[in-house]
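Novice: Provided below: structure_4.txt, containing compact mmCIF, C-alpha atoms.
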```
# COMPACT_ATOMS: atom_id res chain seq x y z
CA MET A 16 -8.43 27.36 23.94
CA ASN A 17 -5.06 25.62 24.12
CA ALA A 18 -4.45 22.08 25.34
CA TYR A 19 -3.31 23.16 28.80
CA HIS A 20 -6.36 25.36 29.36
CA GLN A 21 -8.67 22.60 28.13
CA LEU A 22 -7.31 20.21 30.76
CA THR A 23 -7.68 22.84 33.49
CA VAL A 24 -11.31 23.39 32.52
CA LEU A 25 -11.93 19.64 32.46
CA LEU A 26 -10.56 19.21 35.97
CA GLN A 27 -12.91 21.95 37.20
CA ASP A 28 -15.97 20.12 35.91
CA ALA A 29 -18.08 19.29 38.98
CA HIS A 30 -19.89 16.56 37.07
CA LEU A 31 -16.72 14.62 36.15
CA GLU A 32 -16.75 11.21 37.85
CA VAL A 33 -14.06 10.79 40.51
CA PRO A 34 -12.18 7.89 38.80
CA LEU A 35 -11.99 9.88 35.56
CA LYS A 36 -10.85 12.98 37.42
CA GLU A 37 -8.09 10.94 39.08
CA ILE A 38 -6.89 9.76 35.68
CA ALA A 39 -6.94 13.34 34.38
CA LEU A 40 -4.85 14.46 37.36
CA LYS A 41 -2.34 11.70 36.62
CA VAL A 42 -2.07 12.91 33.05
CA GLN A 43 -1.59 16.50 34.21
CA ASN A 44 1.15 15.38 36.60
CA GLY A 45 2.86 13.09 34.09
CA GLU A 46 2.03 9.97 36.09
CA ARG A 47 1.39 6.52 34.63
CA ILE A 48 -2.13 5.11 34.56
CA SER A 49 -2.79 1.52 35.61
CA PHE A 50 -4.18 -1.45 33.68
CA GLU A 51 -7.52 -1.05 35.44
CA GLU A 52 -7.60 2.64 34.57
CA GLY A 53 -6.90 1.80 30.94
CA VAL A 54 -9.92 -0.51 30.87
CA LEU A 55 -11.98 2.20 32.58
CA LEU A 56 -11.10 4.67 29.84
CA TYR A 57 -12.37 2.28 27.18
CA GLU A 58 -15.55 1.47 29.10
CA LYS A 59 -16.53 4.85 30.56
CA ALA A 60 -14.70 7.81 28.99
CA ASP A 61 -16.39 9.84 26.29
CA LEU A 62 -14.65 11.16 23.21
CA SER A 63 -14.33 14.78 24.31
CA TYR A 64 -12.73 13.81 27.64
CA LEU A 65 -10.24 11.50 25.91
CA GLY A 66 -9.45 14.15 23.33
CA VAL A 67 -8.53 16.68 26.03
CA LEU A 68 -6.16 14.24 27.75
CA ALA A 69 -4.56 12.89 24.60
CA ASN A 70 -4.12 16.33 23.05
CA TYR A 71 -2.52 17.57 26.28
CA ILE A 72 0.07 14.77 26.10
CA ARG A 73 0.63 15.31 22.39
CA THR A 74 1.15 19.03 22.92
CA LYS A 75 3.62 18.45 25.76
CA LYS A 76 5.65 16.08 23.58
CA HIS A 77 5.42 17.69 20.15
CA GLY A 78 3.60 21.02 20.28
CA ASN A 79 1.58 21.28 17.08
CA VAL A 80 4.14 19.42 14.92
CA THR A 81 2.81 16.64 12.69
CA TYR A 82 5.34 14.37 11.03
CA PHE A 83 5.32 12.65 7.65
CA ASN A 84 7.96 11.04 5.49
CA ARG A 85 8.60 10.29 1.85
CA ASN A 86 8.59 6.54 1.46
CA PHE A 87 7.46 3.79 -0.85
CA HIS A 88 6.45 0.20 -0.30
CA ILE A 89 7.64 -3.06 -1.77
CA GLU A 90 5.47 -6.10 -1.09
CA PRO A 91 7.50 -9.09 -2.33
CA THR A 92 4.52 -11.46 -2.40
CA ASN A 93 0.94 -11.76 -1.26
CA LEU A 94 1.18 -15.54 -1.07
CA CYS A 95 1.56 -16.89 2.44
CA VAL A 96 1.89 -20.14 4.36
CA TYR A 97 -0.25 -18.66 7.15
CA ASP A 98 -4.03 -18.35 7.17
CA CYS A 99 -4.91 -15.29 9.26
CA LYS A 100 -8.68 -14.88 9.42
CA PHE A 101 -8.62 -11.07 9.17
CA CYS A 102 -6.29 -10.85 6.17
CA SER A 103 -7.72 -9.68 2.83
CA TYR A 104 -4.29 -9.34 1.30
CA SER A 105 -2.64 -12.75 1.34
CA ARG A 106 -3.47 -15.86 -0.65
CA LEU A 107 -2.58 -19.41 0.32
CA ILE A 108 -0.11 -21.26 -1.87
CA LYS A 109 -2.97 -23.28 -3.38
CA GLU A 110 -4.37 -19.95 -4.66
CA ARG A 111 -1.13 -19.05 -6.41
CA ALA A 112 -2.92 -17.88 -9.54
CA GLU A 113 -4.40 -14.96 -7.56
CA GLY A 114 -1.06 -13.76 -6.23
CA TRP A 115 2.30 -12.32 -7.16
CA GLU A 116 5.87 -13.33 -6.36
CA TYR A 117 8.48 -10.73 -7.24
CA THR A 118 12.01 -11.83 -8.04
CA MET A 119 15.05 -10.03 -6.67
CA GLU A 120 15.57 -8.42 -10.07
CA GLU A 121 11.99 -7.17 -10.23
CA MET A 122 12.22 -5.63 -6.75
CA MET A 123 15.53 -3.97 -7.54
CA ALA A 124 13.87 -2.51 -10.64
CA ILE A 125 11.28 -0.92 -8.34
CA ILE A 126 14.08 0.46 -6.14
CA LYS A 127 15.85 1.93 -9.17
CA SER A 128 12.65 3.54 -10.45
CA TYR A 129 12.91 5.95 -7.49
CA ASP A 130 16.50 7.00 -8.18
CA ASP A 131 15.49 10.55 -9.13
CA GLN A 132 12.93 10.94 -6.34
CA PRO A 133 13.56 12.47 -2.88
CA VAL A 134 12.33 9.40 -0.99
CA THR A 135 14.15 8.48 2.22
CA GLU A 136 12.72 5.05 3.08
CA VAL A 137 11.69 1.77 1.51
CA HIS A 138 9.14 -0.20 3.55
CA ILE A 139 9.30 -3.93 2.78
CA VAL A 140 6.71 -6.36 4.09
CA GLY A 141 4.63 -9.15 2.58
CA GLY A 142 3.59 -12.75 2.78
CA VAL A 143 5.67 -15.66 4.07
CA LEU A 144 6.97 -18.21 1.57
CA PRO A 145 9.87 -20.71 1.75
CA GLN A 146 11.83 -19.21 -1.16
CA TYR A 147 11.96 -15.82 0.57
CA ASP A 148 14.48 -17.15 3.03
CA MET A 149 17.27 -15.66 5.11
CA LYS A 150 19.80 -15.57 2.27
CA PHE A 151 17.26 -13.99 -0.08
CA TYR A 152 16.52 -11.08 2.22
CA MET A 153 20.13 -10.58 3.27
CA ASP A 154 21.15 -10.40 -0.38
CA PHE A 155 18.24 -8.04 -1.10
CA PHE A 156 19.07 -5.65 1.75
CA THR A 157 22.73 -5.63 0.74
CA ALA A 158 21.83 -4.92 -2.88
CA ILE A 159 19.61 -1.99 -1.88
CA LYS A 160 22.31 -0.40 0.28
CA LYS A 161 24.94 -0.93 -2.41
CA HIS A 162 22.75 0.75 -5.02
CA ARG A 163 21.50 3.60 -2.82
CA PRO A 164 23.27 3.91 0.54
CA ASP A 165 21.08 6.82 1.69
CA LEU A 166 17.81 4.85 1.36
CA HIS A 167 16.68 3.59 4.77
CA VAL A 168 15.69 -0.09 4.75
CA LYS A 169 12.69 -0.71 7.04
CA ALA A 170 11.75 -4.30 6.51
CA LEU A 171 9.88 -7.40 7.63
CA THR A 172 7.93 -8.18 10.76
CA PRO A 173 8.64 -10.77 13.47
CA VAL A 174 6.20 -13.06 11.67
CA GLU A 175 8.58 -13.19 8.72
CA TYR A 176 11.75 -13.26 10.83
CA HIS A 177 10.44 -16.05 13.06
CA TYR A 178 9.78 -18.18 9.99
CA ILE A 179 13.05 -17.55 8.18
CA PHE A 180 15.20 -17.90 11.32
CA LYS A 181 13.53 -21.20 12.18
CA LYS A 182 14.09 -22.42 8.62
CA ALA A 183 17.74 -21.30 8.76
CA LYS A 184 18.19 -22.87 12.22
CA VAL A 185 19.49 -19.68 13.84
CA ASP A 186 18.32 -18.09 17.08
CA TYR A 187 16.66 -14.67 17.16
CA ALA A 188 19.72 -12.83 18.44
CA THR A 189 21.97 -14.26 15.72
CA GLY A 190 19.38 -13.73 13.04
CA MET A 191 18.76 -10.09 13.87
CA ARG A 192 22.49 -9.38 14.05
CA MET A 193 22.96 -10.91 10.59
CA MET A 194 20.09 -8.87 9.19
CA LYS A 195 21.60 -5.69 10.58
CA GLU A 196 24.96 -6.56 9.03
CA ALA A 197 23.23 -7.13 5.69
CA GLY A 198 21.70 -3.63 5.68
CA LEU A 199 18.48 -3.75 7.70
CA GLU A 200 18.06 -0.44 9.56
CA SER A 201 14.69 -0.65 11.29
CA MET A 202 11.65 -2.87 11.70
CA PRO A 203 8.00 -2.01 11.03
CA GLY A 204 5.41 -2.88 13.64
CA GLY A 205 3.22 -5.40 11.82
CA GLY A 206 2.23 -8.89 12.86
CA ALA A 207 1.39 -7.92 16.43
CA GLU A 208 -2.39 -8.17 15.87
CA ILE A 209 -3.74 -8.83 19.41
CA PHE A 210 -1.25 -10.41 21.80
CA HIS A 211 -3.58 -12.22 24.18
CA PRO A 212 -3.79 -15.93 23.20
CA GLU A 213 -7.55 -15.98 23.76
CA ILE A 214 -7.92 -13.80 20.65
CA ARG A 215 -4.69 -14.53 18.79
CA GLU A 216 -5.47 -18.25 18.54
CA GLN A 217 -8.79 -17.44 16.89
CA ILE A 218 -7.54 -14.99 14.29
CA ALA A 219 -3.85 -15.87 13.68
CA LYS A 220 -3.06 -19.14 15.40
CA ASP A 221 -0.42 -20.37 12.95
CA LYS A 222 2.17 -17.63 13.21
CA CYS A 223 4.53 -16.46 15.94
CA ASP A 224 2.94 -15.85 19.32
CA ALA A 225 3.09 -12.70 21.42
CA ASP A 226 6.19 -13.71 23.37
CA GLN A 227 8.07 -14.51 20.16
CA TRP A 228 6.98 -11.24 18.55
CA LEU A 229 8.18 -9.28 21.56
CA GLN A 230 11.41 -11.27 21.85
CA ILE A 231 12.42 -10.54 18.25
CA HIS A 232 11.90 -6.82 18.83
CA GLU A 233 13.85 -7.05 22.07
CA GLU A 234 16.82 -8.67 20.31
CA TRP A 235 16.69 -5.92 17.69
CA HIS A 236 16.62 -3.25 20.38
CA LYS A 237 19.63 -4.86 22.10
CA LEU A 238 21.59 -4.07 18.94
CA GLY A 239 20.81 -0.40 19.47
CA MET A 240 18.23 -0.36 16.69
CA ARG A 241 14.69 1.02 16.53
CA SER A 242 11.34 -0.46 15.61
CA ASN A 243 7.62 0.27 15.59
CA ALA A 244 4.64 -1.51 17.12
CA THR A 245 1.03 -2.00 16.08
CA MET A 246 -2.29 -3.34 17.35
CA LEU A 247 -5.11 -4.64 15.16
CA TYR A 248 -8.31 -3.49 16.88
CA GLY A 249 -12.03 -3.43 16.29
CA HIS A 250 -12.89 -7.07 15.61
CA ILE A 251 -13.63 -9.81 18.20
CA GLU A 252 -11.43 -8.52 21.00
CA GLU A 253 -12.76 -6.97 24.20
CA TYR A 254 -11.44 -3.73 25.67
CA TRP A 255 -9.28 -5.49 28.24
CA HIS A 256 -7.54 -7.41 25.44
CA ARG A 257 -6.49 -4.06 23.98
CA VAL A 258 -5.16 -2.87 27.33
CA ASP A 259 -3.30 -6.18 27.79
CA HIS A 260 -1.67 -5.55 24.40
CA LEU A 261 -0.69 -2.00 25.32
CA GLU A 262 0.62 -3.17 28.68
CA ARG A 263 2.97 -5.72 27.10
CA LEU A 264 4.32 -3.07 24.73
CA ARG A 265 4.77 -0.56 27.56
CA ASN A 266 6.64 -3.15 29.64
CA LEU A 267 9.09 -3.97 26.83
CA GLN A 268 9.59 -0.28 26.14
CA ASP A 269 10.46 0.23 29.82
CA LYS A 270 13.09 -2.47 29.39
CA THR A 271 14.66 -1.50 26.05
CA GLY A 272 13.49 1.94 24.95
CA GLY A 273 13.71 0.69 21.36
CA PHE A 274 10.19 1.43 20.14
CA GLN A 275 9.68 4.80 18.53
CA THR A 276 6.13 4.71 17.16
CA PHE A 277 2.85 2.95 17.94
CA ILE A 278 0.32 2.50 15.13
CA PRO A 279 -3.24 1.36 15.88
CA LEU A 280 -4.50 -0.57 12.85
CA LYS A 281 -8.24 -0.58 12.17
CA PHE A 282 -9.72 -3.97 11.24
CA ARG A 283 -11.25 -3.85 7.77
CA ASN A 284 -13.79 -6.54 6.85
CA GLN A 285 -13.73 -6.68 3.06
CA ASP A 286 -12.95 -10.02 1.38
CA ASN A 287 -11.66 -11.94 4.38
CA GLN A 288 -12.82 -14.70 6.70
CA MET A 289 -14.13 -12.17 9.23
CA SER A 290 -16.35 -10.23 6.85
CA HIS A 291 -19.29 -10.89 9.15
CA VAL A 292 -17.68 -8.74 11.87
CA ALA A 293 -18.74 -5.10 11.77
CA GLU A 294 -16.02 -2.45 11.59
CA SER A 295 -15.46 0.10 14.32
CA THR A 296 -16.95 3.58 13.99
CA VAL A 297 -14.91 6.73 13.47
CA VAL A 298 -15.72 7.72 17.06
CA GLU A 299 -14.29 4.42 18.31
CA ASP A 300 -11.23 4.90 16.10
CA LEU A 301 -10.57 8.30 17.65
CA ARG A 302 -11.16 6.96 21.18
CA ASN A 303 -8.63 4.21 20.50
CA TYR A 304 -5.99 6.67 19.26
CA ALA A 305 -6.51 8.81 22.33
CA ILE A 306 -6.33 5.94 24.84
CA SER A 307 -3.22 4.61 23.11
CA ARG A 308 -1.59 8.04 23.55
CA ILE A 309 -2.59 8.17 27.22
CA TYR A 310 -1.54 4.62 28.08
CA LEU A 311 1.76 4.43 26.20
CA ASP A 312 3.50 7.15 28.18
CA ASN A 313 6.94 5.85 27.17
CA PHE A 314 6.28 5.88 23.41
CA GLU A 315 7.33 9.09 21.71
CA HIS A 316 4.99 8.90 18.72
CA ILE A 317 1.49 7.73 17.80
CA LYS A 318 0.89 7.27 14.09
CA ALA A 319 -2.27 7.09 11.98
CA TYR A 320 -1.99 5.64 8.49
CA TRP A 321 -4.01 8.04 6.38
CA ALA A 322 -4.18 5.43 3.61
CA MET A 323 -6.01 3.04 5.95
CA ILE A 324 -8.48 5.35 7.71
CA GLY A 325 -8.96 8.03 5.06
CA ARG A 326 -7.83 11.64 4.95
CA ASN A 327 -10.67 13.12 7.01
CA THR A 328 -10.28 10.71 9.92
CA ALA A 329 -6.51 11.19 9.77
CA GLN A 330 -7.05 14.93 10.17
CA LEU A 331 -9.37 14.38 13.13
CA SER A 332 -6.88 12.02 14.77
CA LEU A 333 -4.35 14.85 15.03
CA ASN A 334 -6.46 16.25 17.87
CA PHE A 335 -6.66 12.88 19.62
CA GLY A 336 -3.01 12.16 20.35
CA VAL A 337 -1.67 11.39 16.87
CA ASP A 338 1.46 13.27 15.76
CA ASP A 339 2.40 11.29 12.63
CA ILE A 340 0.36 10.36 9.55
CA ASP A 341 3.05 8.33 7.75
CA GLY A 342 3.92 9.35 4.23
CA THR A 343 2.95 6.99 1.45
CA LEU A 344 3.14 9.32 -1.52
CA ASP A 345 2.10 6.82 -4.16
CA ASP A 346 0.02 3.69 -4.54
CA THR A 347 2.74 1.10 -3.93
CA THR A 348 0.88 -0.58 -1.07
CA LYS A 349 -2.05 -2.93 -1.66
CA ILE A 350 -2.48 -4.25 1.89
CA TYR A 351 -5.09 -1.74 3.06
CA ALA A 352 -6.89 -1.23 -0.25
CA MET A 353 -7.55 -4.98 -0.57
CA ALA A 354 -9.14 -4.95 2.89
CA GLY A 355 -11.58 -2.18 1.99
CA ALA A 356 -9.78 0.93 3.24
CA GLU A 357 -11.19 4.31 2.21
CA GLU A 358 -8.12 4.98 0.09
CA GLN A 359 -8.33 2.43 -2.74
CA ASN A 360 -5.51 4.11 -4.64
CA PRO A 361 -3.49 5.76 -1.87
CA ALA A 362 -1.58 8.59 -3.51
CA MET A 363 -0.75 11.98 -2.08
CA SER A 364 1.81 14.54 -3.14
CA THR A 365 3.92 16.49 -0.66
CA LYS A 366 1.73 19.50 -1.37
CA ASP A 367 -1.42 17.49 -0.56
CA LEU A 368 0.02 16.18 2.70
CA VAL A 369 1.15 19.61 3.80
CA LYS A 370 -2.26 21.12 3.02
CA LEU A 371 -4.03 18.31 4.88
CA ILE A 372 -1.96 18.92 8.02
CA LYS A 373 -2.19 22.71 7.87
CA ALA A 374 -5.96 22.58 7.42
CA VAL A 375 -6.35 21.46 11.05
CA GLY A 376 -3.88 23.98 12.46
CA LYS A 377 -0.86 21.70 12.72
CA LYS A 378 2.71 22.23 11.59
CA PRO A 379 3.84 19.83 8.84
CA VAL A 380 7.37 18.50 9.26
CA GLU A 381 9.04 16.01 6.95
CA ARG A 382 11.11 13.48 8.89
CA ASP A 383 13.33 10.56 8.08
CA THR A 384 12.62 7.10 9.50
CA LEU A 385 14.33 7.91 12.81
CA TYR A 386 12.51 11.25 13.19
CA HIS A 387 15.35 13.52 12.20
CA VAL A 388 13.82 16.66 10.67
CA ILE A 389 14.40 16.99 6.92
CA ASN A 390 12.08 19.88 6.01
CA ASP A 391 9.82 22.21 7.96
CA PHE A 392 6.84 23.01 5.74
CA GLU A 393 5.11 25.45 8.09
CA HIS A 394 5.72 28.38 5.76
CA ALA A 395 6.10 26.47 2.50
CA ASP A 396 4.56 28.11 -0.53
CA PHE A 397 3.53 25.77 -3.31
CA PRO A 398 2.78 27.25 -6.73
CA GLU A 399 -0.89 26.80 -7.56
CA ASP A 400 -0.09 25.15 -10.86
CA GLU A 401 2.34 22.64 -9.42
CA LYS A 402 1.47 19.13 -10.54
CA PRO A 403 1.31 16.42 -7.84
CA LYS A 404 4.47 14.35 -7.82
CA TYR A 405 3.00 10.87 -7.96
CA TYR A 406 5.58 8.17 -8.41
CA ALA A 407 4.56 5.52 -10.89
CA LEU A 408 5.54 1.91 -10.34
CA PRO A 409 6.99 -0.03 -13.26
CA VAL A 410 4.59 -2.59 -14.67
CA ILE A 411 5.79 -6.08 -13.89
CA ASN A 412 4.23 -9.03 -15.65
```
Render the structure in this file as structure tokens.

Specialist:
Amino acid sequence: MNAYHQLTVLLQDAHLEVPLKEIALKVQNGERISFEEGVLLYEKADLSYLGVLANYIRTKKHGNVTYFNRNFHIEPTNLCVYDCKFCSYSRLIKERAEGWEYTMEEMMAIIKSYDDQPVTEVHIVGGVLPQYDMKFYMDFFTAIKKHRPDLHVKALTPVEYHYIFKKAKVDYATGMRMMKEAGLESMPGGGAEIFHPEIREQIAKDKCDADQWLQIHEEWHKLGMRSNATMLYGHIEEYWHRVDHLERLRNLQDKTGGFQTFIPLKFRNQDNQMSHVAESTVVEDLRNYAISRIYLDNFEHIKAYWAMIGRNTAQLSLNFGVDDIDGTLDDTTKIYAMAGAEEQNPAMSTKDLVKLIKAVGKKPVERDTLYHVINDFEHADFPEDEKPKYYALPVIN
């Protein structure tokens, strides 16, 4: 049964509650749901109902295409001046012995180690420290583009930009323009956490607030550039806090159109100050993906990080509104593993990713950062004896 038929059958269900039927009709007609309806979905809608609606929207937008890309991560440092309660990754400066601080030369060595690999993007994000200032990152971005002009630089969150712009005494608009001129090409979506101050002040009170996070993205969008957005869910927030978060993103997207992807991030409770908080279930994860797809009608893509939620849940998510599973092909990222993610050594070859997507009846398509199609792997034939192309990082002492 295809997505369109599933929705038709759902709407014919005599036992479907009237408010949920009204939401389903809105989805069928391409109409926007309200804040109150978003809360209702979280409180009342079951998984199968949400899956029908989210899959209908996904199918209208993308058919059965599932995107991935070939990227690698550089995390300059895990030391940080901020003390976010949910973070398993960062260490305060007083814990310097437990951290790392890469120099410019060491990070360029990582860049160069991929010179013979068909990667299209470097994703740069890490802790916040004074020495990683505006000049440092401008020089770094420029050096990357000089060495490999075709490598897309996706780097730093508003948390980092807010800090370095304040330190450099430049406003957001000037700072983002200077970063673009230095070689920055897009922004990841991190640092959003939960926007509402009632929650944000409990879990991440030191860093930029919601308005500042949104303003930095808005200034970036004004330059004609694209960025992503995230939401950290499944901890101490209530459902309406999630909808408030989605509403603020939807409003900015109405204004700028600069967001391309939304990524729900599952709270992981290993080795952080919120270890006493239970993690969300897989069912709740899938419900959250689906509601995100339904609510964010002006976002083109919903992404699930397979390295964070595991391969099986990533496969399931493709039937709950998700059309992108990212593309970390090696184990260059430590952020999720240190928080207790299923993938402790996240590594997957192109062959593995393609097989994972095909196994649930989807069409694997390799994209670049801006969703231009690079390769269609629907009919790709991989030799059985092909060895996975894992990319090893240089050892840096």

Novice: Report the centre and edge lengths, in Å to one decimal, of an axis-aligned box enclosing every atom of region 199-211 of chain A listed in the file, padded by 4 Å on each side, as AutoDock Vina command-line options.

Specialist:
```
--center_x 7.4 --center_y -6.3 --center_z 15.9 --size_x 30.2 --size_y 19.8 --size_z 24.5
```

Novice: Using all atoms listed in the file, determine which residues lie at most 12 Å from Glu37 (chain A), disregarding the query and same-chain residues fewer than 5 positions distant; provide the list as a PyMOL selection string.

Specialist: chain A and resi 25-26+31-32+42-44+46-49+52+55-56+68

Novice: Using all atoms listed in the file, which residues sit within 9 Å of Glu136 (chain A) once same-chain residues fewer than 2 positions away are excluded, as a PyMOL selection string?

Specialist: chain A and resi 84-88+134+138+165-169+383-384

Novice: Can you work out which one of A:Tyr248, A:Tyr152, A:Tyr57, A:Phe274 has the shortest atom-to-atom distance to His236 (chain A), counting all atoms listed in the file?

Specialist: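 Comparing A:Tyr248, A:Tyr152, A:Tyr57, A:Phe274 against His236 (chain A), the winner is A:Phe274.
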
Novice: Report the distance between CA of Asn390 (chain A) and CA of Thr365 (chain A) in Å, rounded to one decimal place.

Specialist: 11.1 Å

Novice: So, counting only C-alpha atoms, which residue among A:Tyr71, A:Trp235, A:Tyr147, A:Tyr176 is closest to Ala188 (chain A)?

Specialist: A:Trp235

Novice: Given all atoms listed in the file as the basis, pick out the residue of A:Thr296, A:Asn79, A:Asn243, A:Ser307 nearest to His260 (chain A).

Specialist: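 For His260 (chain A), the nearest of the candidates is A:Ser307.
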
Novice: Calculate how many Å separate CA of Ala60 (chain A) from CA of Asn313 (chain A), rounding to one decimal.

Specialist: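 These atoms are spaced 21.8 Å apart.
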
Novice: When you count only C-alpha atoms, which of these residues is closest to Lys36 (chain A): A:Ala18, A:Leu65, A:Ile139, A:Leu368?

Specialist: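 Nearest candidate to Lys36 (chain A) out of A:Ala18, A:Leu65, A:Ile139, A:Leu368: A:Leu65.
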
Novice: Separation of CA of Thr245 (chain A) and CA of Val297 (chain A), in Å?

Specialist: 18.4 Å

Novice: List the spatial neighbours of region 195-208 of chain A as JSON, numbers by chain - criterion: any atom at most 6 Å away, only C-alpha atoms, same-chain residues fewer than 6 positions off excluded.

Specialist: {"A": [153, 156, 157, 168, 169, 170, 172, 174, 241, 242, 243, 244, 245, 246, 247]}

Novice: From the set A:Glu294, A:Asp98, A:Asp367, A:Glu234, which residue has the shortest atom-to-atom contact distance to Pro173 (chain A), counting all atoms listed in the file?

Specialist: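 Checking each of A:Glu294, A:Asp98, A:Asp367, A:Glu234 against Pro173 (chain A), counting all atoms listed in the file, the winner is A:Glu234.
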
Novice: Would you be able to write out as a PyMOL selection string which residues have an atom within 12 Å of (1.0, -18.7, 15.0) in the file's coordinates, counting only C-alpha atoms?

Specialist: chain A and resi 96-100+173-175+177-178+206-210+212+214-228

Novice: Please list, as JSON, numbers by chain, the residues that have an atom at most 12 Å away from (5.1, 21.7, 19.4) in the coordinates of this file, counting all atoms listed in the file.

Specialist: {"A": [17, 18, 70, 71, 72, 73, 74, 75, 76, 77, 78, 79, 80, 81, 82, 338, 376, 377, 378, 379, 380, 393]}
